[in-house]
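Peer 1: Take this structure, written in structure tokens, and hold onto it; I'll ask about it next.
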Amino acid sequence: QIITRYVLQAGPAWHGGNYRIPTAWNLQGSNDGNTWEDLDTRTNQINWGDYEERAFVVENPAHFKLYRLSFTDVGEPGIIRLYKVKLSI
């Protein structure tokens with residue numbers, strides 16, 4: 001499959017959902033699970049609202065068997081909270 005866009009959703013503020021959401025990441029693809037290629041890089045994704053969804057268009061879409069999000073910065077270190085991750089072809 002070729003992932004062309006994706007959506008991330010924060011949770012409610014009272015549950016820490018808007019400050020524990022990652023603020024920077026790479027969407028990566030792999031065909032063997034060992035070698036990963038960056039397909040989309042996001043930084044400075046701050047000020048998430050309660051249950052806010054953000055949609056992103058993949059910068060460099062390509063065909064891969066496996067996909068992952070590699071988080072490079074988080075609002076509160078050590079805790080990541082995402083309420084939804086949706087990958088679309």
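Residues are named by chain letter and number: chains run A, B, ... in the order of the structure tokens, numbers start at 1 in each chain, and ligands are numbered from 1 in the order shown.
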Can you check which parts of range 11-40 of chain A lie within 7 Å of range 48-71 of chain A? Per residue, the shortest pair of atoms and distance in Å to one decimal, counting only C-alpha atoms, sorted by chain and number, as a tab-separated table.
Peer 2:
```
residue	atom	partner	partner_atom	distance
A:Gly11	CA	A:Tyr51	CA	4.6
A:Pro12	CA	A:Asp50	CA	4.5
A:Ala13	CA	A:Asp50	CA	5.8
A:Asn18	CA	A:Trp48	CA	5.3
A:Pro22	CA	A:Phe71	CA	6.5
A:Ala24	CA	A:Phe71	CA	6.1
A:Trp25	CA	A:Phe71	CA	4.2
A:Asn26	CA	A:Ser70	CA	5.1
A:Leu27	CA	A:Leu69	CA	4.6
A:Gln28	CA	A:Arg68	CA	5.3
A:Gly29	CA	A:Tyr67	CA	4.5
A:Ser30	CA	A:Leu66	CA	5.1
A:Asn31	CA	A:Lys65	CA	5.0
A:Gly33	CA	A:Leu66	CA	7.0
A:Leu39	CA	A:Asn60	CA	4.8
A:Asp40	CA	A:Glu59	CA	5.1
```
Peer 1: Okay, now the selection with all heavy atoms, as an mmCIF file, in the first residue's frame?
Peer 2:
```cif
data_model
loop_
_atom_site.group_PDB
_atom_site.id
_atom_site.type_symbol
_atom_site.label_atom_id
_atom_site.label_comp_id
_atom_site.auth_asym_id
_atom_site.auth_seq_id
_atom_site.Cartn_x
_atom_site.Cartn_y
_atom_site.Cartn_z
ATOM 1 N N GLY A 11 -6.348 13.831 22.987
ATOM 2 C CA GLY A 11 -7.431 13.533 23.916
ATOM 3 C C GLY A 11 -7.862 14.776 24.665
ATOM 4 O O GLY A 11 -7.489 15.887 24.308
ATOM 5 N N PRO A 12 -8.640 14.596 25.719
ATOM 6 C CA PRO A 12 -9.117 15.734 26.502
ATOM 7 C C PRO A 12 -8.013 16.282 27.413
ATOM 8 O O PRO A 12 -7.156 15.538 27.885
ATOM 9 C CB PRO A 12 -10.253 15.139 27.329
ATOM 10 C CG PRO A 12 -9.873 13.708 27.495
ATOM 11 C CD PRO A 12 -9.186 13.328 26.211
ATOM 12 N N ALA A 13 -8.052 17.586 27.681
ATOM 13 C CA ALA A 13 -7.046 18.231 28.524
ATOM 14 C C ALA A 13 -7.033 17.628 29.928
ATOM 15 O O ALA A 13 -5.968 17.444 30.520
ATOM 16 C CB ALA A 13 -7.295 19.736 28.583
ATOM 17 N N ASN A 18 -3.779 16.679 25.635
ATOM 18 C CA ASN A 18 -3.284 17.714 24.727
ATOM 19 C C ASN A 18 -1.838 18.119 25.010
ATOM 20 O O ASN A 18 -1.213 18.746 24.179
ATOM 21 C CB ASN A 18 -4.205 18.936 24.726
ATOM 22 C CG ASN A 18 -4.371 19.545 26.095
ATOM 23 O OD1 ASN A 18 -3.851 19.047 27.070
ATOM 24 N ND2 ASN A 18 -5.114 20.628 26.161
ATOM 25 N N PRO A 22 2.639 13.880 20.978
ATOM 26 C CA PRO A 22 3.932 14.220 20.390
ATOM 27 C C PRO A 22 3.873 15.564 19.658
ATOM 28 O O PRO A 22 2.850 15.919 19.080
ATOM 29 C CB PRO A 22 4.194 13.079 19.412
ATOM 30 C CG PRO A 22 3.371 11.947 19.927
ATOM 31 C CD PRO A 22 2.151 12.578 20.513
ATOM 32 N N ALA A 24 6.674 16.372 17.586
ATOM 33 C CA ALA A 24 7.509 16.181 16.398
ATOM 34 C C ALA A 24 7.654 14.680 16.140
ATOM 35 O O ALA A 24 7.734 13.888 17.078
ATOM 36 C CB ALA A 24 8.879 16.817 16.591
ATOM 37 N N TRP A 25 7.677 14.305 14.858
ATOM 38 C CA TRP A 25 7.772 12.883 14.509
ATOM 39 C C TRP A 25 8.154 12.709 13.050
ATOM 40 O O TRP A 25 8.137 13.646 12.248
ATOM 41 C CB TRP A 25 6.445 12.173 14.759
ATOM 42 C CG TRP A 25 5.295 12.730 13.971
ATOM 43 C CD1 TRP A 25 4.950 12.445 12.670
ATOM 44 C CD2 TRP A 25 4.369 13.717 14.405
ATOM 45 N NE1 TRP A 25 3.862 13.167 12.293
ATOM 46 C CE2 TRP A 25 3.476 13.966 13.343
ATOM 47 C CE3 TRP A 25 4.188 14.420 15.595
ATOM 48 C CZ2 TRP A 25 2.443 14.894 13.432
ATOM 49 C CZ3 TRP A 25 3.152 15.336 15.679
ATOM 50 C CH2 TRP A 25 2.286 15.554 14.607
ATOM 51 N N ASN A 26 8.475 11.458 12.711
ATOM 52 C CA ASN A 26 8.693 11.024 11.332
ATOM 53 C C ASN A 26 7.739 9.864 11.056
ATOM 54 O O ASN A 26 7.662 8.932 11.860
ATOM 55 C CB ASN A 26 10.125 10.523 11.120
ATOM 56 C CG ASN A 26 11.154 11.606 11.311
ATOM 57 O OD1 ASN A 26 11.030 12.681 10.763
ATOM 58 N ND2 ASN A 26 12.163 11.324 12.102
ATOM 59 N N LEU A 27 7.032 9.927 9.949
ATOM 60 C CA LEU A 27 6.307 8.766 9.449
ATOM 61 C C LEU A 27 7.302 8.027 8.579
ATOM 62 O O LEU A 27 7.916 8.624 7.678
ATOM 63 C CB LEU A 27 5.080 9.181 8.636
ATOM 64 C CG LEU A 27 4.329 8.031 7.953
ATOM 65 C CD1 LEU A 27 3.680 7.112 9.004
ATOM 66 C CD2 LEU A 27 3.284 8.551 6.998
ATOM 67 N N GLN A 28 7.481 6.737 8.859
ATOM 68 C CA GLN A 28 8.487 5.959 8.159
ATOM 69 C C GLN A 28 7.882 4.719 7.521
ATOM 70 O O GLN A 28 6.868 4.204 7.990
ATOM 71 C CB GLN A 28 9.589 5.536 9.137
ATOM 72 C CG GLN A 28 10.296 6.713 9.781
ATOM 73 C CD GLN A 28 11.310 6.278 10.817
ATOM 74 O OE1 GLN A 28 11.051 5.370 11.597
ATOM 75 N NE2 GLN A 28 12.470 6.923 10.814
ATOM 76 N N GLY A 29 8.540 4.250 6.465
ATOM 77 C CA GLY A 29 8.116 3.041 5.787
ATOM 78 C C GLY A 29 9.267 2.056 5.664
ATOM 79 O O GLY A 29 10.425 2.449 5.603
ATOM 80 N N SER A 30 8.918 0.749 5.630
ATOM 81 C CA SER A 30 9.926 -0.304 5.504
ATOM 82 C C SER A 30 9.315 -1.501 4.782
ATOM 83 O O SER A 30 8.119 -1.745 4.870
ATOM 84 C CB SER A 30 10.412 -0.735 6.891
ATOM 85 O OG SER A 30 11.303 -1.828 6.803
ATOM 86 N N ASN A 31 10.147 -2.238 4.105
ATOM 87 C CA ASN A 31 9.704 -3.491 3.499
ATOM 88 C C ASN A 31 10.219 -4.712 4.246
ATOM 89 O O ASN A 31 9.748 -5.823 4.016
ATOM 90 C CB ASN A 31 10.132 -3.559 2.027
ATOM 91 C CG ASN A 31 9.273 -2.657 1.168
ATOM 92 O OD1 ASN A 31 8.061 -2.633 1.308
ATOM 93 N ND2 ASN A 31 9.913 -1.892 0.305
ATOM 94 N N GLY A 33 11.327 -4.354 7.922
ATOM 95 C CA GLY A 33 11.285 -4.137 9.360
ATOM 96 C C GLY A 33 12.624 -3.773 9.976
ATOM 97 O O GLY A 33 12.713 -3.542 11.176
ATOM 98 N N LEU A 39 9.238 9.240 5.359
ATOM 99 C CA LEU A 39 8.281 9.636 4.332
ATOM 100 C C LEU A 39 7.676 11.003 4.618
ATOM 101 O O LEU A 39 7.271 11.718 3.707
ATOM 102 C CB LEU A 39 7.151 8.600 4.243
ATOM 103 C CG LEU A 39 7.593 7.165 4.005
ATOM 104 C CD1 LEU A 39 6.392 6.243 4.040
ATOM 105 C CD2 LEU A 39 8.329 7.059 2.690
ATOM 106 N N ASP A 40 7.596 11.351 5.893
ATOM 107 C CA ASP A 40 6.993 12.620 6.280
ATOM 108 C C ASP A 40 7.579 13.028 7.631
ATOM 109 O O ASP A 40 7.664 12.207 8.545
ATOM 110 C CB ASP A 40 5.470 12.482 6.391
ATOM 111 C CG ASP A 40 4.782 13.825 6.519
ATOM 112 O OD1 ASP A 40 4.832 14.603 5.553
ATOM 113 O OD2 ASP A 40 4.212 14.101 7.583
#
```
Peer 1: Name the closest residue to Thr23 in chain A among the candidates A:Ser88, A:Thr72, A:Gln1, A:Gln45; distances are taken between atoms, counting only C-alpha atoms.
Peer 2: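 Checking each of A:Ser88, A:Thr72, A:Gln1, A:Gln45 against Thr23 in chain A, counting only C-alpha atoms, the winner is A:Gln45.
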Peer 1: Taking the DSSP assignment computed from this structure's backbone, write out as a VMD selection string all residues of chain A that belong to strand (DSSP E).
Peer 2: chain A and resid 5 to 9 22 to 30 37 to 42 53 to 57 66 to 74 84 to 88
Peer 1: Would you save the residues from that selection as a compact mmCIF listing (two decimals), in the first residue's frame, using N, CA and C atoms?
Peer 2:
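Result went into out10.txt, see below:
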```txt
# COMPACT_ATOMS: atom_id res chain seq x y z
N ARG A 5 -1.90 10.02 3.27
CA ARG A 5 -2.26 10.98 4.31
C ARG A 5 -2.51 10.22 5.60
N TYR A 6 -2.49 10.98 6.70
CA TYR A 6 -2.77 10.37 8.00
C TYR A 6 -3.33 11.42 8.94
N VAL A 7 -4.01 10.94 9.98
CA VAL A 7 -4.67 11.79 10.96
C VAL A 7 -4.23 11.37 12.35
N LEU A 8 -3.92 12.34 13.20
CA LEU A 8 -3.65 12.10 14.61
C LEU A 8 -4.68 12.88 15.42
N GLN A 9 -5.08 12.30 16.55
CA GLN A 9 -6.06 12.97 17.41
C GLN A 9 -5.55 13.02 18.85
N PRO A 22 2.64 13.88 20.98
CA PRO A 22 3.93 14.22 20.39
C PRO A 22 3.87 15.56 19.66
N THR A 23 4.99 16.27 19.69
CA THR A 23 5.07 17.56 19.00
C THR A 23 5.95 17.49 17.75
N ALA A 24 6.67 16.37 17.59
CA ALA A 24 7.51 16.18 16.40
C ALA A 24 7.65 14.68 16.14
N TRP A 25 7.68 14.31 14.86
CA TRP A 25 7.77 12.88 14.51
C TRP A 25 8.15 12.71 13.05
N ASN A 26 8.47 11.46 12.71
CA ASN A 26 8.69 11.02 11.33
C ASN A 26 7.74 9.86 11.06
N LEU A 27 7.03 9.93 9.95
CA LEU A 27 6.31 8.77 9.45
C LEU A 27 7.30 8.03 8.58
N GLN A 28 7.48 6.74 8.86
CA GLN A 28 8.49 5.96 8.16
C GLN A 28 7.88 4.72 7.52
N GLY A 29 8.54 4.25 6.46
CA GLY A 29 8.12 3.04 5.79
C GLY A 29 9.27 2.06 5.66
N SER A 30 8.92 0.75 5.63
CA SER A 30 9.93 -0.30 5.50
C SER A 30 9.32 -1.50 4.78
N GLU A 37 12.65 4.22 6.04
CA GLU A 37 12.81 5.43 5.24
C GLU A 37 11.82 6.49 5.71
N ASP A 38 12.30 7.71 5.92
CA ASP A 38 11.42 8.81 6.31
C ASP A 38 10.54 9.22 5.13
N LEU A 39 9.24 9.24 5.36
CA LEU A 39 8.28 9.64 4.33
C LEU A 39 7.68 11.00 4.62
N ASP A 40 7.60 11.35 5.89
CA ASP A 40 6.99 12.62 6.28
C ASP A 40 7.58 13.03 7.63
N THR A 41 7.98 14.28 7.74
CA THR A 41 8.57 14.80 8.97
C THR A 41 7.77 16.01 9.42
N ARG A 42 7.38 16.01 10.71
CA ARG A 42 6.63 17.13 11.28
C ARG A 42 7.33 17.60 12.54
N GLU A 53 -8.28 16.83 15.96
CA GLU A 53 -7.70 15.97 14.93
C GLU A 53 -6.93 16.84 13.96
N ARG A 54 -5.75 16.37 13.59
CA ARG A 54 -4.97 17.06 12.56
C ARG A 54 -4.65 16.07 11.46
N ALA A 55 -4.90 16.50 10.23
CA ALA A 55 -4.64 15.67 9.06
C ALA A 55 -3.36 16.15 8.38
N PHE A 56 -2.58 15.22 7.90
CA PHE A 56 -1.30 15.52 7.27
C PHE A 56 -1.20 14.78 5.94
N VAL A 57 -0.70 15.45 4.93
CA VAL A 57 -0.42 14.84 3.63
C VAL A 57 1.02 14.38 3.66
N LEU A 66 5.36 -2.03 5.63
CA LEU A 66 5.23 -1.62 7.03
C LEU A 66 5.34 -0.10 7.15
N TYR A 67 4.61 0.44 8.12
CA TYR A 67 4.69 1.87 8.41
C TYR A 67 4.78 2.05 9.92
N ARG A 68 5.45 3.11 10.36
CA ARG A 68 5.50 3.44 11.78
C ARG A 68 5.67 4.95 11.96
N LEU A 69 5.29 5.42 13.13
CA LEU A 69 5.56 6.79 13.55
C LEU A 69 6.72 6.73 14.54
N SER A 70 7.75 7.51 14.27
CA SER A 70 8.90 7.61 15.16
C SER A 70 8.86 9.00 15.79
N PHE A 71 8.57 9.07 17.10
CA PHE A 71 8.39 10.35 17.77
C PHE A 71 9.74 10.91 18.19
N THR A 72 9.98 12.17 17.85
CA THR A 72 11.26 12.81 18.15
C THR A 72 11.15 13.87 19.23
N ASP A 73 9.94 14.28 19.59
CA ASP A 73 9.74 15.23 20.68
C ASP A 73 8.32 15.07 21.21
N VAL A 74 8.19 15.17 22.53
CA VAL A 74 6.91 15.01 23.20
C VAL A 74 6.75 16.13 24.21
N LYS A 84 -6.15 8.72 18.51
CA LYS A 84 -6.42 8.10 17.20
C LYS A 84 -5.23 8.29 16.28
N VAL A 85 -4.93 7.24 15.54
CA VAL A 85 -4.00 7.31 14.42
C VAL A 85 -4.71 6.65 13.25
N LYS A 86 -4.85 7.36 12.17
CA LYS A 86 -5.55 6.83 11.00
C LYS A 86 -4.66 7.03 9.76
N LEU A 87 -4.32 5.93 9.11
CA LEU A 87 -3.54 5.97 7.87
C LEU A 87 -4.47 5.77 6.69
N SER A 88 -4.29 6.57 5.64
CA SER A 88 -5.17 6.48 4.47
C SER A 88 -4.37 6.30 3.20
```
